[in-house]
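S.K.: Pasting a structure here, questions to come.
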Amino acid sequence: MRRHILYIIAALMVMAISSCDSGMSYDHYNSVSVEGWNRTDTLHFSPGKLPSGNYAIDVGFRATEAYPYRELGLQIEWTVFPRGTNTAKKIKCEVFDSEGRMEGTQSVSSSDFLFHAGDVALRSGDSLAVTVTHCMNRDVMPGLTSVGIQVRER
């Protein structure tokens, strides 16, 4: 009986998840040390094989009030396999507005930020790999708790 109830609950969860069609194909964040994300600490993301189509790649991060600068510079690179095409982009992300207020979506201890990095067209059998580093003058960047990417169908 207990097993039967678990199967029903699992089926309901699958139906609830599959009924939401946000176009999101990959959404993953990696934690970084809030004391400092080192410029040499490259974050790797592996969305893997996705169905053929056009995708948007967004980069996100969570920042605390300890973040010392108005902006954050990020270097995002993605490679499409097996073609081996590589795209690199640098983006400036505004963290604080001109009056010193933190931008982003506020939560209890941090703010969430999401910025568009670029678009990629995938063919059948293609897979995607993405890396993110910061490109600030300071080697160790404090005040960030996690950095991630979202890949969603266009």
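Every chain in the structure tokens has a letter given in the order shown (A, B, ...), and although residue numbers restart at 1 in each chain, ligands are simply numbered from 1 in the order shown.
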Give me the residues near region 131-141 of chain A as an NGL selection string, where near means some atom within 10 Å (using only C-alpha atoms) and where sequence neighbours in that chain fewer than 5 positions away do not count.
M.R.: :A and (32-46 or 59 or 66-69 or 71-79 or 88-92 or 147-149)
S.K.: With a distance cut-off of 12 Å and only C-alpha atoms, select the neighbouring residues of Leu50 (chain A), excluding the residue or stretch itself and same-chain residues fewer than 3 positions from it, and output the selection as a tab-separated table (two decimals) with C-alpha atoms, in the first residue's frame.
M.R.:
chain	number	residue	atom	x	y	z
A	23	GLY	CA	11.50	26.78	-22.22
A	24	MET	CA	14.24	26.31	-19.59
A	25	SER	CA	16.65	23.61	-20.68
A	26	TYR	CA	19.44	24.08	-18.12
A	46	SER	CA	27.90	21.19	-18.88
A	47	PRO	CA	24.35	21.44	-20.22
A	53	GLY	CA	17.03	24.73	-31.87
A	54	ASN	CA	17.96	28.28	-30.90
A	55	TYR	CA	18.94	28.93	-27.30
A	80	VAL	CA	29.50	23.65	-29.30
A	81	PHE	CA	30.65	20.07	-29.80
A	120	VAL	CA	23.53	29.80	-29.82
A	121	ALA	CA	22.00	27.61	-32.52
A	122	LEU	CA	22.33	23.88	-31.92
A	123	ARG	CA	21.91	21.10	-34.44
A	124	SER	CA	20.89	17.52	-33.79
A	125	GLY	CA	23.65	15.77	-31.84
A	126	ASP	CA	25.33	18.99	-30.66
A	127	SER	CA	26.29	19.47	-27.03
A	128	LEU	CA	27.23	22.62	-25.16
A	129	ALA	CA	29.93	23.44	-22.59
A	151	VAL	CA	20.07	27.98	-21.12
A	152	ARG	CA	16.56	28.38	-22.47
A	153	GLU	CA	14.94	27.71	-25.80
S.K.: How many Å lie between CA of Ile57 (chain A) and CA of Asp119 (chain A), rounded to one decimal?
M.R.: 5.8 Å
S.K.: Write out as a ChimeraX atom specification all residues of region 83-144 of chain A that backbone DSSP assigns to strand (DSSP E).
M.R.: /A:85-94,105-106,111-122,127-134,140-141,144
S.K.: Which residue is closest to Asp58 (chain A)? Choose from A:Val130, A:Arg70, A:Arg101, A:Ser110 and count only C-alpha atoms.
M.R.: A:Val130
S.K.: So which one's closest to Ala63 (chain A), A:Gly100, A:Phe115, A:Gln150, A:Thr105? Using only C-alpha atoms, please.
M.R.: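 Closest to Ala63 (chain A) of all the choices is A:Thr105.
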S.K.: Using only C-alpha atoms, determine which residues lie at most 7 Å from Ser146 (chain A), disregarding the query and same-chain residues fewer than 4 positions distant; provide the list as a count of residues only.
M.R.: 6
S.K.: Ranking A:Thr85, A:Cys93, A:Thr64, A:Gln106 by minimum distance to Gly143 (chain A) and counting only C-alpha atoms, which one comes first?
M.R.: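 So, comparing all the options, the nearest one is A:Thr64.
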S.K.: Which residue gives the smallest distance to Val95 (chain A) among A:Arg83, A:Leu144, A:Arg154, A:Asp27, with only C-alpha atoms counted?
M.R.: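 When distances to Val95 (chain A) are compared using only C-alpha atoms, the smallest one comes from A:Leu144.
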S.K.: Can you pull out every residue from chain A that DSSP, working from the backbone, puts in alpha helix (DSSP H), and format the result as a VMD selection string?
M.R.: chain A and resid 2 to 19
S.K.: Write the residues of the preceding selection, restricted to N, CA and C atoms, as a short mmCIF file (atom, residue, chain, number, x, y, z; two decimals), in the first residue's frame.
M.R.:
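Now in again_11.cif:
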data_model
loop_
_atom_site.label_atom_id
_atom_site.label_comp_id
_atom_site.auth_asym_id
_atom_site.auth_seq_id
_atom_site.Cartn_x
_atom_site.Cartn_y
_atom_site.Cartn_z
N ARG A 2 1.88 1.25 0.87
CA ARG A 2 2.76 2.41 0.96
C ARG A 2 3.48 2.66 -0.37
N ARG A 3 3.92 1.59 -1.01
CA ARG A 3 4.60 1.69 -2.30
C ARG A 3 3.65 2.29 -3.35
N HIS A 4 2.40 1.89 -3.33
CA HIS A 4 1.39 2.39 -4.26
C HIS A 4 1.21 3.90 -4.10
N ILE A 5 1.18 4.37 -2.87
CA ILE A 5 1.03 5.80 -2.60
C ILE A 5 2.25 6.57 -3.10
N LEU A 6 3.44 6.00 -2.90
CA LEU A 6 4.66 6.65 -3.38
C LEU A 6 4.65 6.78 -4.89
N TYR A 7 4.18 5.75 -5.60
CA TYR A 7 4.09 5.82 -7.07
C TYR A 7 3.12 6.91 -7.50
N ILE A 8 2.02 7.04 -6.82
CA ILE A 8 1.03 8.07 -7.15
C ILE A 8 1.62 9.46 -6.92
N ILE A 9 2.30 9.64 -5.81
CA ILE A 9 2.93 10.94 -5.52
C ILE A 9 3.98 11.26 -6.58
N ALA A 10 4.80 10.29 -6.94
CA ALA A 10 5.83 10.51 -7.96
C ALA A 10 5.19 10.86 -9.30
N ALA A 11 4.11 10.20 -9.68
CA ALA A 11 3.44 10.49 -10.94
C ALA A 11 2.85 11.89 -10.93
N LEU A 12 2.28 12.31 -9.81
CA LEU A 12 1.74 13.66 -9.71
C LEU A 12 2.84 14.71 -9.82
N MET A 13 3.99 14.45 -9.20
CA MET A 13 5.11 15.39 -9.29
C MET A 13 5.61 15.51 -10.73
N VAL A 14 5.71 14.40 -11.44
CA VAL A 14 6.16 14.43 -12.83
C VAL A 14 5.17 15.22 -13.68
N MET A 15 3.88 15.01 -13.46
CA MET A 15 2.87 15.75 -14.23
C MET A 15 2.94 17.24 -13.92
N ALA A 16 3.16 17.59 -12.65
CA ALA A 16 3.22 19.01 -12.29
C ALA A 16 4.44 19.68 -12.92
N ILE A 17 5.57 19.00 -12.90
CA ILE A 17 6.78 19.56 -13.48
C ILE A 17 6.66 19.67 -14.99
N SER A 18 6.13 18.65 -15.63
CA SER A 18 6.05 18.67 -17.09
C SER A 18 4.98 19.62 -17.61
N SER A 19 4.04 20.02 -16.76
CA SER A 19 3.01 20.95 -17.22
C SER A 19 3.53 22.38 -17.31
#
S.K.: Find, counting only C-alpha atoms, the residue in A:Phe113, A:Gly48, A:Pro82, A:Gly118 that gets nearest to Phe96 (chain A).
M.R.: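 Selected residue with least distance to Phe96 (chain A): A:Phe113.
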S.K.: What is the CA of Ser98 (chain A)-CA of His116 (chain A) distance in Å, reported with one decimal?
M.R.: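 Interatomic distance here is 21.5 Å.
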S.K.: So the first atom is CA of Glu99 (chain A) and the second is CA of Glu65 (chain A); what is the distance between them in Å, to one decimal place?
M.R.: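 Spanning CA of Glu99 (chain A) to CA of Glu65 (chain A) is a straight-line distance of 14.1 Å.
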